[in-house]
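Encoded as structure tokens, the structure appears first; notes follow it.
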Amino acid sequence: MSPSSTPKFKNPRAKYNFQGRTCSIAGVGAYVPERILTNADLEKMVNTTDEWITSRTGIKERHIAAKDEFTSDLATKAALLAMKRAGVTPEQIDLIVVATITPDMPFPSTACLVQRKIGAFRAAAFDLEAACSGFIYGLEVAQQFIMSRTYDTVLVIGAEKLSSIVDWEDRNTCVLFGDGAGAAVLQNRPGAHGLLTAVMGADGRKSDLLFMAAGGSRSPATAESVSSRMHYLKMEGKETFKNAVQAMVTAASEALRRCELDISRIKCIIPHQANRRIIDAVGDRLGAKPEQLFANLHKFGNTSAASVAIALDEAVTTGRVQAGDLILLVVFGAGLTWGAAVIEW
Ligand code: ACO
């Protein structure tokens, strides 16, 4: 067999008998708010330096939503762009999944608010909470509905207004996060490829590494919960770091194994954009070359569920990813949760 006739990859779906169905990524979109908060700005707010933030995380600036701009607004802008690029009308959408840890309100779901804003009134809608791993969890949910022939067109959005839960007096966390949204339209498109596999994982025994204590049924809002700053995100940075590297390597390896792919076949690896040192460590342990890794966290910080969705949009729109390329997405977040996905573009 000549090299050109060698199959590029083994389609893991084949063994599940999904004949005739594909979960193609028909269009992607992203949106970040206008206002930029630089490391120099943060130097005036907490005891930190541009040098510390840059060398420990790789982040230079992040975008911050306006007071009257909410997660559903960011999500809507990203979604409309993804729909336009996919050539999909609101009426065609069967399901809207919004991955977020910063919904506009505890209920109704942000997905319902997005449904209203984009006018997709035929669609079912729900939120999915898997912290920074939410977008890949969303892709897997979409894939299951599409492959089972329940739906043809699913809109998956990762959207966050993390600035609303960040403690702007805590230098350990406030330098890390930003606001934004990314979206993808997934569709059964005969003849196209798209999502080949998605891996999801979780370990609730480590839920105390990264959490927001109040605002739920355990600690509803009280004057005391507010004064003791329980409505802000808290993180054990060092332990989270170690777990992130390990979980992302495991998830990525499993996704590659399922597709019978070597890392060298991947054109672009898009990891969760939390910390440049995590990205490099994951790439290193996977045996990837530095040029395979995609990073844009210097511009956006960690946008949690929106992170890999925003990065995927940039990789596609800047031509870093071309038709036929294989992409590996890999994520990690609170829960703990993690995931990886292989896509043929
Ligand atoms: N500026 C200056 N000094 C700081 C700052 C800051 N912004 N933040 C912390 N420091 C200090 C600490 O106080 C500490 O000082 P000490 O030694 O005197 O106590 C020192 O810097 C080192 O702190 P560490 O926490 O040990 O720093 P580390 O190298 O671990 O980096 C970081 C911290 C960037 C948070 C890193 O641990 C990290 O990225 N963790 C993982 C985050 C992550 O992956 N999150 C993903 C999930 S997010 C989600 O799901 C929403």
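So you can find residues: chains in the structure tokens are A, B, ... in the order shown, residues in each start at 1, and ligands are numbered from 1 in order.
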Each chain A residue no farther than 8 Å from ligand 1, nearest pair in Å, only C-alpha atoms and all ligand atoms, as a Markdown table:
```
| residue | atom | partner | partner_atom_place_in_ligand_line | distance |
| --- | --- | --- | --- | --- |
| A:Val46 | CA | ligand 1 | 7 (N) | 7.6 |
| A:Asn47 | CA | ligand 1 | 1 (N) | 6.2 |
| A:Thr48 | CA | ligand 1 | 1 (N) | 3.7 |
| A:Thr49 | CA | ligand 1 | 1 (N) | 5.8 |
| A:Trp52 | CA | ligand 1 | 2 (C) | 5.5 |
| A:Ile53 | CA | ligand 1 | 7 (N) | 5.9 |
| A:Arg56 | CA | ligand 1 | 34 (C) | 5.5 |
| A:Thr57 | CA | ligand 1 | 34 (C) | 5.3 |
| A:Ile101 | CA | ligand 1 | 51 (C) | 7.9 |
| A:Ala131 | CA | ligand 1 | 50 (O) | 4.8 |
| A:Cys132 | CA | ligand 1 | 50 (O) | 4.3 |
| A:Ser133 | CA | ligand 1 | 50 (O) | 7.3 |
| A:Arg171 | CA | ligand 1 | 7 (N) | 4.3 |
| A:Asn172 | CA | ligand 1 | 8 (N) | 3.7 |
| A:Thr173 | CA | ligand 1 | 35 (C) | 6.4 |
| A:Cys174 | CA | ligand 1 | 7 (N) | 7.3 |
| A:Val175 | CA | ligand 1 | 7 (N) | 5.7 |
| A:Leu176 | CA | ligand 1 | 34 (C) | 7.1 |
| A:Leu210 | CA | ligand 1 | 50 (O) | 6.8 |
| A:Met235 | CA | ligand 1 | 42 (C) | 7.6 |
| A:Glu236 | CA | ligand 1 | 37 (O) | 7.3 |
| A:Gly237 | CA | ligand 1 | 37 (O) | 3.5 |
| A:Lys238 | CA | ligand 1 | 37 (O) | 4.0 |
| A:Glu239 | CA | ligand 1 | 37 (O) | 7.2 |
| A:Thr240 | CA | ligand 1 | 41 (C) | 4.9 |
| A:Phe241 | CA | ligand 1 | 41 (C) | 3.9 |
| A:Lys242 | CA | ligand 1 | 41 (C) | 7.7 |
| A:Ala244 | CA | ligand 1 | 44 (O) | 5.8 |
| A:His272 | CA | ligand 1 | 46 (C) | 7.9 |
| A:Ala274 | CA | ligand 1 | 44 (O) | 5.0 |
| A:Asn275 | CA | ligand 1 | 39 (O) | 5.0 |
| A:Arg277 | CA | ligand 1 | 39 (O) | 7.7 |
| A:Ile278 | CA | ligand 1 | 44 (O) | 7.1 |
| A:Asn302 | CA | ligand 1 | 48 (S) | 7.0 |
| A:Thr303 | CA | ligand 1 | 51 (C) | 7.6 |
| A:Ser304 | CA | ligand 1 | 51 (C) | 5.0 |
| A:Ala305 | CA | ligand 1 | 51 (C) | 7.8 |
| A:Phe332 | CA | ligand 1 | 47 (C) | 6.0 |
| A:Gly333 | CA | ligand 1 | 50 (O) | 3.4 |
| A:Ala334 | CA | ligand 1 | 50 (O) | 4.0 |
| A:Gly335 | CA | ligand 1 | 50 (O) | 7.7 |
| A:Leu336 | CA | ligand 1 | 50 (O) | 7.9 |
```
Find the residues near Ala288 of chain A: any atom within 9 Å, counting only C-alpha atoms, skip ones fewer than 6 places away on the same chain, and give them as a ChimeraX atom specification. /A:263-264,266,269,282
Could the residues in this selection be saved with N, CA and C atoms as a PDB file, in the first residue's frame?
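File written: result_5.pdb
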```
ATOM      1  N   ILE A 263       0.575  10.799  18.446  1.00  0.00           N
ATOM      2  CA  ILE A 263       0.533  12.253  18.646  1.00  0.00           C
ATOM      3  C   ILE A 263       1.117  13.012  17.436  1.00  0.00           C
ATOM      4  N   SER A 264       2.060  12.365  16.749  1.00  0.00           N
ATOM      5  CA  SER A 264       2.701  13.047  15.611  1.00  0.00           C
ATOM      6  C   SER A 264       1.714  13.328  14.480  1.00  0.00           C
ATOM      7  N   ILE A 266      -1.230  14.574  14.882  1.00  0.00           N
ATOM      8  CA  ILE A 266      -2.096  15.705  15.248  1.00  0.00           C
ATOM      9  C   ILE A 266      -1.469  17.008  14.764  1.00  0.00           C
ATOM     10  N   ILE A 269      -2.739  20.859  18.732  1.00  0.00           N
ATOM     11  CA  ILE A 269      -3.235  20.455  20.053  1.00  0.00           C
ATOM     12  C   ILE A 269      -3.744  21.719  20.737  1.00  0.00           C
ATOM     13  N   VAL A 282       2.066  19.366  29.577  1.00  0.00           N
ATOM     14  CA  VAL A 282       1.190  18.371  28.921  1.00  0.00           C
ATOM     15  C   VAL A 282       1.781  18.006  27.559  1.00  0.00           C
TER      16      VAL A 282
END
```
DSSP-assigned strand (DSSP E or B) among segment 184-214 of chain A, expressed as a list in words: Ala184, Val185, Leu186, Gln187, Gly194, Leu195, Leu196, Thr197, Ala198, Val199, Met200, Gly201, Ala202, Leu210, Phe211 and Met212 of chain A
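Non-sequential neighbours of Ala340 of chain A (distance at most 9 Å, separation of 4 or more positions within a chain, only C-alpha atoms) are A:Ser133, A:Ile136, A:Tyr137, A:Thr197, A:Ala198, A:Val199, A:Met200, A:Met248, A:Ala251, A:Ala252, A:Ser253, A:Glu254, A:Ala255, A:Pro271, A:Leu328, A:Leu329, A:Val330, A:Val331, A:Phe332.
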The residue from A:Asn39, A:Gln246, A:Gln292, A:Gln115 with the smallest atom-to-atom distance to Ile93 of chain A, counting only C-alpha atoms, is A:Gln115
For Ala311 of chain A, please output as a PDB file with all heavy atoms, in the first residue's frame all residues within 9 Å (counting only C-alpha atoms; exclusion window: fewer than 4 positions along the same chain).
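Listing of selection.pdb after writing:
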```pdb
ATOM      1  N   ALA A  30     -16.644  32.959  18.228  1.00  0.00           N
ATOM      2  CA  ALA A  30     -16.197  33.355  19.571  1.00  0.00           C
ATOM      3  C   ALA A  30     -16.473  34.831  19.770  1.00  0.00           C
ATOM      4  O   ALA A  30     -16.617  35.586  18.800  1.00  0.00           O
ATOM      5  CB  ALA A  30     -14.708  33.064  19.746  1.00  0.00           C
ATOM      6  N   GLY A 182     -17.279  30.927  23.444  1.00  0.00           N
ATOM      7  CA  GLY A 182     -16.990  30.274  22.165  1.00  0.00           C
ATOM      8  C   GLY A 182     -18.125  29.308  21.865  1.00  0.00           C
ATOM      9  O   GLY A 182     -18.757  28.782  22.792  1.00  0.00           O
ATOM     10  N   ILE A 270      -5.008  21.708  21.125  1.00  0.00           N
ATOM     11  CA  ILE A 270      -5.595  22.893  21.779  1.00  0.00           C
ATOM     12  C   ILE A 270      -5.920  22.528  23.221  1.00  0.00           C
ATOM     13  O   ILE A 270      -6.969  21.940  23.499  1.00  0.00           O
ATOM     14  CB  ILE A 270      -6.854  23.383  21.026  1.00  0.00           C
ATOM     15  CG1 ILE A 270      -6.503  23.678  19.557  1.00  0.00           C
ATOM     16  CG2 ILE A 270      -7.433  24.612  21.707  1.00  0.00           C
ATOM     17  CD1 ILE A 270      -7.642  24.213  18.726  1.00  0.00           C
ATOM     18  N   PRO A 271      -5.020  22.854  24.151  1.00  0.00           N
ATOM     19  CA  PRO A 271      -5.284  22.535  25.553  1.00  0.00           C
ATOM     20  C   PRO A 271      -6.058  23.660  26.243  1.00  0.00           C
ATOM     21  O   PRO A 271      -6.057  24.804  25.763  1.00  0.00           O
ATOM     22  CB  PRO A 271      -3.881  22.430  26.169  1.00  0.00           C
ATOM     23  CG  PRO A 271      -2.915  22.802  25.097  1.00  0.00           C
ATOM     24  CD  PRO A 271      -3.681  23.426  23.967  1.00  0.00           C
ATOM     25  N   HIS A 272      -6.683  23.335  27.367  1.00  0.00           N
ATOM     26  CA  HIS A 272      -7.318  24.347  28.214  1.00  0.00           C
ATOM     27  C   HIS A 272      -6.289  25.437  28.522  1.00  0.00           C
ATOM     28  O   HIS A 272      -5.156  25.134  28.888  1.00  0.00           O
ATOM     29  CB  HIS A 272      -7.828  23.690  29.495  1.00  0.00           C
ATOM     30  CG  HIS A 272      -8.404  24.661  30.460  1.00  0.00           C
ATOM     31  ND1 HIS A 272      -9.306  25.629  30.072  1.00  0.00           N
ATOM     32  CD2 HIS A 272      -8.208  24.832  31.788  1.00  0.00           C
ATOM     33  CE1 HIS A 272      -9.639  26.345  31.127  1.00  0.00           C
ATOM     34  NE2 HIS A 272      -8.985  25.888  32.179  1.00  0.00           N
ATOM     35  N   GLN A 273      -6.710  26.691  28.348  1.00  0.00           N
ATOM     36  CA  GLN A 273      -5.775  27.818  28.469  1.00  0.00           C
ATOM     37  C   GLN A 273      -5.762  28.357  29.908  1.00  0.00           C
ATOM     38  O   GLN A 273      -6.311  29.428  30.193  1.00  0.00           O
ATOM     39  CB  GLN A 273      -6.175  28.915  27.483  1.00  0.00           C
ATOM     40  CG  GLN A 273      -6.298  28.431  26.038  1.00  0.00           C
ATOM     41  CD  GLN A 273      -4.948  28.168  25.379  1.00  0.00           C
ATOM     42  OE1 GLN A 273      -4.083  29.030  25.375  1.00  0.00           O
ATOM     43  NE2 GLN A 273      -4.772  26.968  24.827  1.00  0.00           N
ATOM     44  N   PHE A 294      -1.249  24.871  20.629  1.00  0.00           N
ATOM     45  CA  PHE A 294      -1.876  26.173  20.387  1.00  0.00           C
ATOM     46  C   PHE A 294      -2.079  26.875  21.730  1.00  0.00           C
ATOM     47  O   PHE A 294      -2.599  26.290  22.677  1.00  0.00           O
ATOM     48  CB  PHE A 294      -3.231  26.004  19.689  1.00  0.00           C
ATOM     49  CG  PHE A 294      -3.848  27.309  19.280  1.00  0.00           C
ATOM     50  CD1 PHE A 294      -3.571  27.870  18.041  1.00  0.00           C
ATOM     51  CD2 PHE A 294      -4.676  28.002  20.155  1.00  0.00           C
ATOM     52  CE1 PHE A 294      -4.119  29.095  17.673  1.00  0.00           C
ATOM     53  CE2 PHE A 294      -5.226  29.224  19.787  1.00  0.00           C
ATOM     54  CZ  PHE A 294      -4.940  29.767  18.541  1.00  0.00           C
ATOM     55  N   ALA A 295      -1.688  28.143  21.802  1.00  0.00           N
ATOM     56  CA  ALA A 295      -1.898  28.910  23.041  1.00  0.00           C
ATOM     57  C   ALA A 295      -2.306  30.336  22.707  1.00  0.00           C
ATOM     58  O   ALA A 295      -1.710  30.975  21.835  1.00  0.00           O
ATOM     59  CB  ALA A 295      -0.628  28.905  23.883  1.00  0.00           C
ATOM     60  N   ASN A 296      -3.346  30.805  23.365  1.00  0.00           N
ATOM     61  CA  ASN A 296      -3.714  32.226  23.237  1.00  0.00           C
ATOM     62  C   ASN A 296      -4.050  32.825  24.607  1.00  0.00           C
ATOM     63  O   ASN A 296      -4.671  33.875  24.679  1.00  0.00           O
ATOM     64  CB  ASN A 296      -4.860  32.428  22.234  1.00  0.00           C
ATOM     65  CG  ASN A 296      -6.161  31.778  22.676  1.00  0.00           C
ATOM     66  OD1 ASN A 296      -6.222  31.197  23.755  1.00  0.00           O
ATOM     67  ND2 ASN A 296      -7.192  31.890  21.871  1.00  0.00           N
ATOM     68  N   LEU A 297      -3.612  32.129  25.677  1.00  0.00           N
ATOM     69  CA  LEU A 297      -3.964  32.600  27.023  1.00  0.00           C
ATOM     70  C   LEU A 297      -3.316  33.931  27.362  1.00  0.00           C
ATOM     71  O   LEU A 297      -3.800  34.641  28.245  1.00  0.00           O
ATOM     72  CB  LEU A 297      -3.643  31.543  28.090  1.00  0.00           C
ATOM     73  CG  LEU A 297      -2.221  31.360  28.591  1.00  0.00           C
ATOM     74  CD1 LEU A 297      -2.215  30.452  29.797  1.00  0.00           C
ATOM     75  CD2 LEU A 297      -1.307  30.836  27.518  1.00  0.00           C
ATOM     76  N   ALA A 306     -15.241  28.493  28.278  1.00  0.00           N
ATOM     77  CA  ALA A 306     -15.098  29.136  26.959  1.00  0.00           C
ATOM     78  C   ALA A 306     -13.711  28.938  26.367  1.00  0.00           C
ATOM     79  O   ALA A 306     -13.498  29.148  25.163  1.00  0.00           O
ATOM     80  CB  ALA A 306     -15.383  30.635  27.093  1.00  0.00           C
ATOM     81  N   SER A 307     -12.765  28.519  27.210  1.00  0.00           N
ATOM     82  CA  SER A 307     -11.343  28.561  26.849  1.00  0.00           C
ATOM     83  C   SER A 307     -10.989  27.828  25.545  1.00  0.00           C
ATOM     84  O   SER A 307     -10.467  28.436  24.606  1.00  0.00           O
ATOM     85  CB  SER A 307     -10.545  28.007  28.032  1.00  0.00           C
ATOM     86  OG  SER A 307      -9.252  27.711  27.676  1.00  0.00           O
ATOM     87  N   ALA A 315      -7.842  29.227  16.085  1.00  0.00           N
ATOM     88  CA  ALA A 315      -7.017  28.319  15.284  1.00  0.00           C
ATOM     89  C   ALA A 315      -7.606  28.158  13.878  1.00  0.00           C
ATOM     90  O   ALA A 315      -6.880  28.098  12.884  1.00  0.00           O
ATOM     91  CB  ALA A 315      -6.900  26.959  15.977  1.00  0.00           C
ATOM     92  N   VAL A 316      -8.924  28.116  13.808  1.00  0.00           N
ATOM     93  CA  VAL A 316      -9.599  27.927  12.515  1.00  0.00           C
ATOM     94  C   VAL A 316      -9.566  29.210  11.693  1.00  0.00           C
ATOM     95  O   VAL A 316      -9.206  29.208  10.511  1.00  0.00           O
ATOM     96  CB  VAL A 316     -11.061  27.454  12.739  1.00  0.00           C
ATOM     97  CG1 VAL A 316     -11.848  27.501  11.448  1.00  0.00           C
ATOM     98  CG2 VAL A 316     -11.066  26.049  13.331  1.00  0.00           C
TER      99      VAL A 316
END
```
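Neighbours of Arg122 of chain A closer than or equal to 7 Å, with only C-alpha atoms counted and sequence neighbours fewer than 2 positions away skipped, come out as Glu91, Ile93, Asp94, Ala120 and Ala124 of chain A.
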Give me a file of those residues, with N, CA and C atoms, as a PDB file, in the first residue's frame.
```pdb
ATOM      1  N   GLU A  91     -34.182  28.210  13.299  1.00  0.00           N
ATOM      2  CA  GLU A  91     -35.220  27.151  13.251  1.00  0.00           C
ATOM      3  C   GLU A  91     -34.612  25.765  13.079  1.00  0.00           C
ATOM      4  N   ILE A  93     -32.014  24.588  14.631  1.00  0.00           N
ATOM      5  CA  ILE A  93     -31.322  24.084  15.835  1.00  0.00           C
ATOM      6  C   ILE A  93     -32.269  23.233  16.681  1.00  0.00           C
ATOM      7  N   ASP A  94     -31.812  21.996  16.985  1.00  0.00           N
ATOM      8  CA  ASP A  94     -32.627  21.069  17.760  1.00  0.00           C
ATOM      9  C   ASP A  94     -32.349  21.174  19.252  1.00  0.00           C
ATOM     10  N   ALA A 120     -34.285  30.581  18.620  1.00  0.00           N
ATOM     11  CA  ALA A 120     -34.290  29.158  18.202  1.00  0.00           C
ATOM     12  C   ALA A 120     -35.384  28.418  18.970  1.00  0.00           C
ATOM     13  N   ALA A 124     -34.621  22.366  22.236  1.00  0.00           N
ATOM     14  CA  ALA A 124     -34.530  22.112  23.676  1.00  0.00           C
ATOM     15  C   ALA A 124     -33.284  22.847  24.168  1.00  0.00           C
TER      16      ALA A 124
END
```
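Here atom CA of Ala202 of chain A stands at a distance of 4.2 Å from atom CA of Thr337 of chain A.
One distance worth recording is that between atom CA of Val342 of chain A and atom CA of Gly180 of chain A, which is 23.3 Å.
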Please provide the set of residues having any atom within 7 Å of Lys60 of chain A, restricted to only C-alpha atoms, with same-chain residues fewer than 6 positions apart removed, written as a ChimeraX atom specification. /A:38-39,54,298-299
Output the selection as a PDB file, in the first residue's frame - all heavy atoms for each residue.
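Okay, out-v6.pdb is ready:
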```pdb
ATOM      1  N   THR A  38      -5.090  44.681  31.763  1.00  0.00           N
ATOM      2  CA  THR A  38      -3.705  44.218  31.581  1.00  0.00           C
ATOM      3  C   THR A  38      -3.069  43.878  32.927  1.00  0.00           C
ATOM      4  O   THR A  38      -3.598  44.228  33.991  1.00  0.00           O
ATOM      5  CB  THR A  38      -2.855  45.319  30.918  1.00  0.00           C
ATOM      6  OG1 THR A  38      -2.796  46.426  31.831  1.00  0.00           O
ATOM      7  CG2 THR A  38      -3.439  45.772  29.599  1.00  0.00           C
ATOM      8  N   ASN A  39      -1.904  43.234  32.846  1.00  0.00           N
ATOM      9  CA  ASN A  39      -1.167  42.961  34.084  1.00  0.00           C
ATOM     10  C   ASN A  39      -0.779  44.266  34.776  1.00  0.00           C
ATOM     11  O   ASN A  39      -0.749  44.337  36.005  1.00  0.00           O
ATOM     12  CB  ASN A  39       0.086  42.133  33.770  1.00  0.00           C
ATOM     13  CG  ASN A  39      -0.256  40.716  33.351  1.00  0.00           C
ATOM     14  OD1 ASN A  39      -1.409  40.294  33.457  1.00  0.00           O
ATOM     15  ND2 ASN A  39       0.746  39.976  32.880  1.00  0.00           N
ATOM     16  N   THR A  54       3.431  36.959  34.269  1.00  0.00           N
ATOM     17  CA  THR A  54       3.907  36.451  32.978  1.00  0.00           C
ATOM     18  C   THR A  54       4.747  35.193  33.170  1.00  0.00           C
ATOM     19  O   THR A  54       4.547  34.191  32.469  1.00  0.00           O
ATOM     20  CB  THR A  54       4.745  37.522  32.259  1.00  0.00           C
ATOM     21  OG1 THR A  54       3.977  38.718  32.186  1.00  0.00           O
ATOM     22  CG2 THR A  54       5.114  37.091  30.847  1.00  0.00           C
ATOM     23  N   HIS A 298      -2.239  34.307  26.654  1.00  0.00           N
ATOM     24  CA  HIS A 298      -1.630  35.612  26.922  1.00  0.00           C
ATOM     25  C   HIS A 298      -2.629  36.746  26.673  1.00  0.00           C
ATOM     26  O   HIS A 298      -2.561  37.778  27.301  1.00  0.00           O
ATOM     27  CB  HIS A 298      -0.350  35.809  26.086  1.00  0.00           C
ATOM     28  CG  HIS A 298      -0.561  35.638  24.610  1.00  0.00           C
ATOM     29  ND1 HIS A 298      -0.782  34.414  24.022  1.00  0.00           N
ATOM     30  CD2 HIS A 298      -0.612  36.550  23.611  1.00  0.00           C
ATOM     31  CE1 HIS A 298      -0.955  34.582  22.714  1.00  0.00           C
ATOM     32  NE2 HIS A 298      -0.854  35.860  22.445  1.00  0.00           N
ATOM     33  N   LYS A 299      -3.622  36.501  25.785  1.00  0.00           N
ATOM     34  CA  LYS A 299      -4.590  37.549  25.442  1.00  0.00           C
ATOM     35  C   LYS A 299      -5.884  37.469  26.253  1.00  0.00           C
ATOM     36  O   LYS A 299      -6.586  38.456  26.392  1.00  0.00           O
ATOM     37  CB  LYS A 299      -4.980  37.433  23.957  1.00  0.00           C
ATOM     38  CG  LYS A 299      -3.837  37.709  23.007  1.00  0.00           C
ATOM     39  CD  LYS A 299      -4.315  37.741  21.572  1.00  0.00           C
ATOM     40  CE  LYS A 299      -4.553  36.344  21.047  1.00  0.00           C
ATOM     41  NZ  LYS A 299      -4.869  36.291  19.613  1.00  0.00           N
TER      42      LYS A 299
END
```
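Across the model, the gap from atom CA of Ala125 of chain A to atom CA of Thr71 of chain A is 15.2 Å.
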Listing only residues of segment 225-247 of chain A within 12 Å of segment 138-162 of chain A, what is the closest atom pair and its distance in Å (to one decimal) for each, using only C-alpha atoms, sorted by chain and residue number ascending, as a tab-separated table?
```
residue	atom	partner	partner_atom	distance
A:His231	CA	A:Leu162	CA	11.9
A:Tyr232	CA	A:Leu162	CA	9.8
A:Leu233	CA	A:Leu162	CA	9.0
```
Go ahead and write the selection's residues with C-alpha atoms as a short mmCIF file (atom, residue, chain, number, x, y, z; two decimals), in the first residue's frame.
```cif
data_model
loop_
_atom_site.label_atom_id
_atom_site.label_comp_id
_atom_site.auth_asym_id
_atom_site.auth_seq_id
_atom_site.Cartn_x
_atom_site.Cartn_y
_atom_site.Cartn_z
CA HIS A 231 -19.32 34.02 46.93
CA TYR A 232 -15.92 34.10 45.30
CA LEU A 233 -13.95 31.33 43.61
#
```
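Proximity of A:Asn188, A:Ser207, A:Thr250, A:Ser163 to Ile25 of chain A, computed with only C-alpha atoms, is greatest for A:Asn188.
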Could you tell me which of A:Ser219, A:Pro33, A:Ala82, A:Thr22 comes closest to Thr317 of chain A if we count only C-alpha atoms? A:Ala82
Neighbouring residues of Gly119 of chain A were defined as those with any atom within 12 Å, considering only C-alpha atoms; residues of the same chain fewer than 4 positions away were excluded. Please report them as a CSV table (one decimal) with all heavy atoms, in the first residue's frame.
```csv
chain,number,residue,atom,x,y,z
A,76,THR,N,-24.5,34.5,23.3
A,76,THR,CA,-25.4,34.8,22.1
A,76,THR,C,-24.5,35.3,20.9
A,76,THR,O,-24.7,34.9,19.8
A,76,THR,CB,-26.4,35.8,22.4
A,76,THR,OG1,-27.3,35.2,23.4
A,76,THR,CG2,-27.3,36.2,21.2
A,79,ALA,N,-22.6,32.4,19.5
A,79,ALA,CA,-23.5,31.5,18.8
A,79,ALA,C,-23.9,32.0,17.5
A,79,ALA,O,-23.9,31.3,16.5
A,79,ALA,CB,-24.7,31.2,19.7
A,80,LEU,N,-24.3,33.3,17.4
A,80,LEU,CA,-24.7,33.9,16.1
A,80,LEU,C,-23.7,33.8,15.1
A,80,LEU,O,-23.9,33.5,13.9
A,80,LEU,CB,-25.2,35.3,16.3
A,80,LEU,CG,-26.5,35.4,17.1
A,80,LEU,CD1,-26.9,36.9,17.4
A,80,LEU,CD2,-27.7,34.8,16.3
A,89,THR,N,-29.9,28.3,10.3
A,89,THR,CA,-30.9,29.2,10.8
A,89,THR,C,-31.3,28.8,12.2
A,89,THR,O,-31.2,27.7,12.6
A,89,THR,CB,-32.2,29.3,9.9
A,89,THR,OG1,-32.8,27.9,9.9
A,89,THR,CG2,-31.8,29.6,8.4
A,90,PRO,N,-31.9,29.8,13.0
A,90,PRO,CA,-32.3,29.4,14.3
A,90,PRO,C,-33.3,28.3,14.3
A,90,PRO,O,-33.3,27.4,15.2
A,90,PRO,CB,-33.0,30.7,14.8
A,90,PRO,CG,-32.4,31.8,14.0
A,90,PRO,CD,-32.0,31.2,12.7
A,91,GLU,N,-34.2,28.2,13.3
A,91,GLU,CA,-35.2,27.2,13.3
A,91,GLU,C,-34.6,25.8,13.1
A,91,GLU,O,-35.3,24.8,13.4
A,91,GLU,CB,-36.2,27.4,12.1
A,91,GLU,CG,-37.0,28.7,12.2
A,91,GLU,CD,-36.2,29.9,11.8
A,91,GLU,OE1,-35.3,29.8,11.0
A,91,GLU,OE2,-36.4,31.0,12.5
A,92,GLN,N,-33.4,25.7,12.6
A,92,GLN,CA,-32.8,24.4,12.3
A,92,GLN,C,-32.2,23.8,13.6
A,92,GLN,O,-31.9,22.6,13.6
A,92,GLN,CB,-31.6,24.5,11.3
A,92,GLN,CG,-32.1,24.5,9.9
A,92,GLN,CD,-30.9,24.7,9.0
A,92,GLN,OE1,-30.5,25.9,8.7
A,92,GLN,NE2,-30.3,23.6,8.4
A,93,ILE,N,-32.0,24.6,14.6
A,93,ILE,CA,-31.3,24.1,15.8
A,93,ILE,C,-32.3,23.2,16.7
A,93,ILE,O,-33.4,23.7,17.0
A,93,ILE,CB,-30.7,25.3,16.6
A,93,ILE,CG1,-29.7,25.9,15.8
A,93,ILE,CG2,-30.1,24.8,18.0
A,93,ILE,CD1,-29.1,27.2,16.4
A,96,ILE,N,-29.8,23.3,22.4
A,96,ILE,CA,-28.7,24.3,22.8
A,96,ILE,C,-28.2,23.8,24.1
A,96,ILE,O,-28.9,23.6,25.1
A,96,ILE,CB,-29.3,25.7,22.9
A,96,ILE,CG1,-30.0,26.2,21.7
A,96,ILE,CG2,-28.3,26.7,23.4
A,96,ILE,CD1,-30.9,27.4,21.8
A,111,ALA,N,-29.0,28.7,28.9
A,111,ALA,CA,-29.3,28.1,27.5
A,111,ALA,C,-30.7,28.6,27.1
A,111,ALA,O,-30.9,28.9,25.9
A,111,ALA,CB,-29.3,26.6,27.6
A,112,CYS,N,-31.7,28.7,28.0
A,112,CYS,CA,-33.0,29.2,27.7
A,112,CYS,C,-32.9,30.7,27.4
A,112,CYS,O,-33.7,31.1,26.5
A,112,CYS,CB,-34.0,29.0,28.9
A,112,CYS,SG,-34.5,27.2,28.9
A,113,LEU,N,-32.1,31.4,28.1
A,113,LEU,CA,-31.9,32.9,27.8
A,113,LEU,C,-31.3,33.0,26.4
A,113,LEU,O,-31.7,33.9,25.6
A,113,LEU,CB,-31.1,33.5,28.8
A,113,LEU,CG,-31.6,33.4,30.3
A,113,LEU,CD1,-30.7,34.0,31.3
A,113,LEU,CD2,-33.0,34.0,30.4
A,114,VAL,N,-30.4,32.2,26.0
A,114,VAL,CA,-29.7,32.2,24.7
A,114,VAL,C,-30.8,31.9,23.6
A,114,VAL,O,-30.9,32.5,22.6
A,114,VAL,CB,-28.5,31.3,24.6
A,114,VAL,CG1,-28.0,31.2,23.2
A,114,VAL,CG2,-27.4,31.8,25.5
A,115,GLN,N,-31.6,30.8,23.9
A,115,GLN,CA,-32.6,30.4,23.0
A,115,GLN,C,-33.5,31.6,22.6
A,115,GLN,O,-33.8,31.8,21.4
A,115,GLN,CB,-33.5,29.3,23.6
A,115,GLN,CG,-34.4,28.6,22.6
A,115,GLN,CD,-35.8,28.5,23.1
A,115,GLN,OE1,-36.3,29.4,23.8
A,115,GLN,NE2,-36.4,27.3,22.9
A,123,ALA,N,-35.8,24.6,19.6
A,123,ALA,CA,-34.7,23.8,20.3
A,123,ALA,C,-35.0,23.6,21.8
A,123,ALA,O,-35.6,24.4,22.5
A,123,ALA,CB,-33.4,24.6,20.2
```
From a backbone DSSP assignment, name each residue in segment 124-253 of chain A labelled helix (DSSP H, G or I), as a PyMOL selection string. chain A and resi 131-147+162-164+171-174+204-209+223-227+237-253
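Checking A:Gly20, A:Gly324, A:Gly29, A:Gly301 one by one against Gly178 of chain A, counting only C-alpha atoms, you find the shortest gap at A:Gly301.
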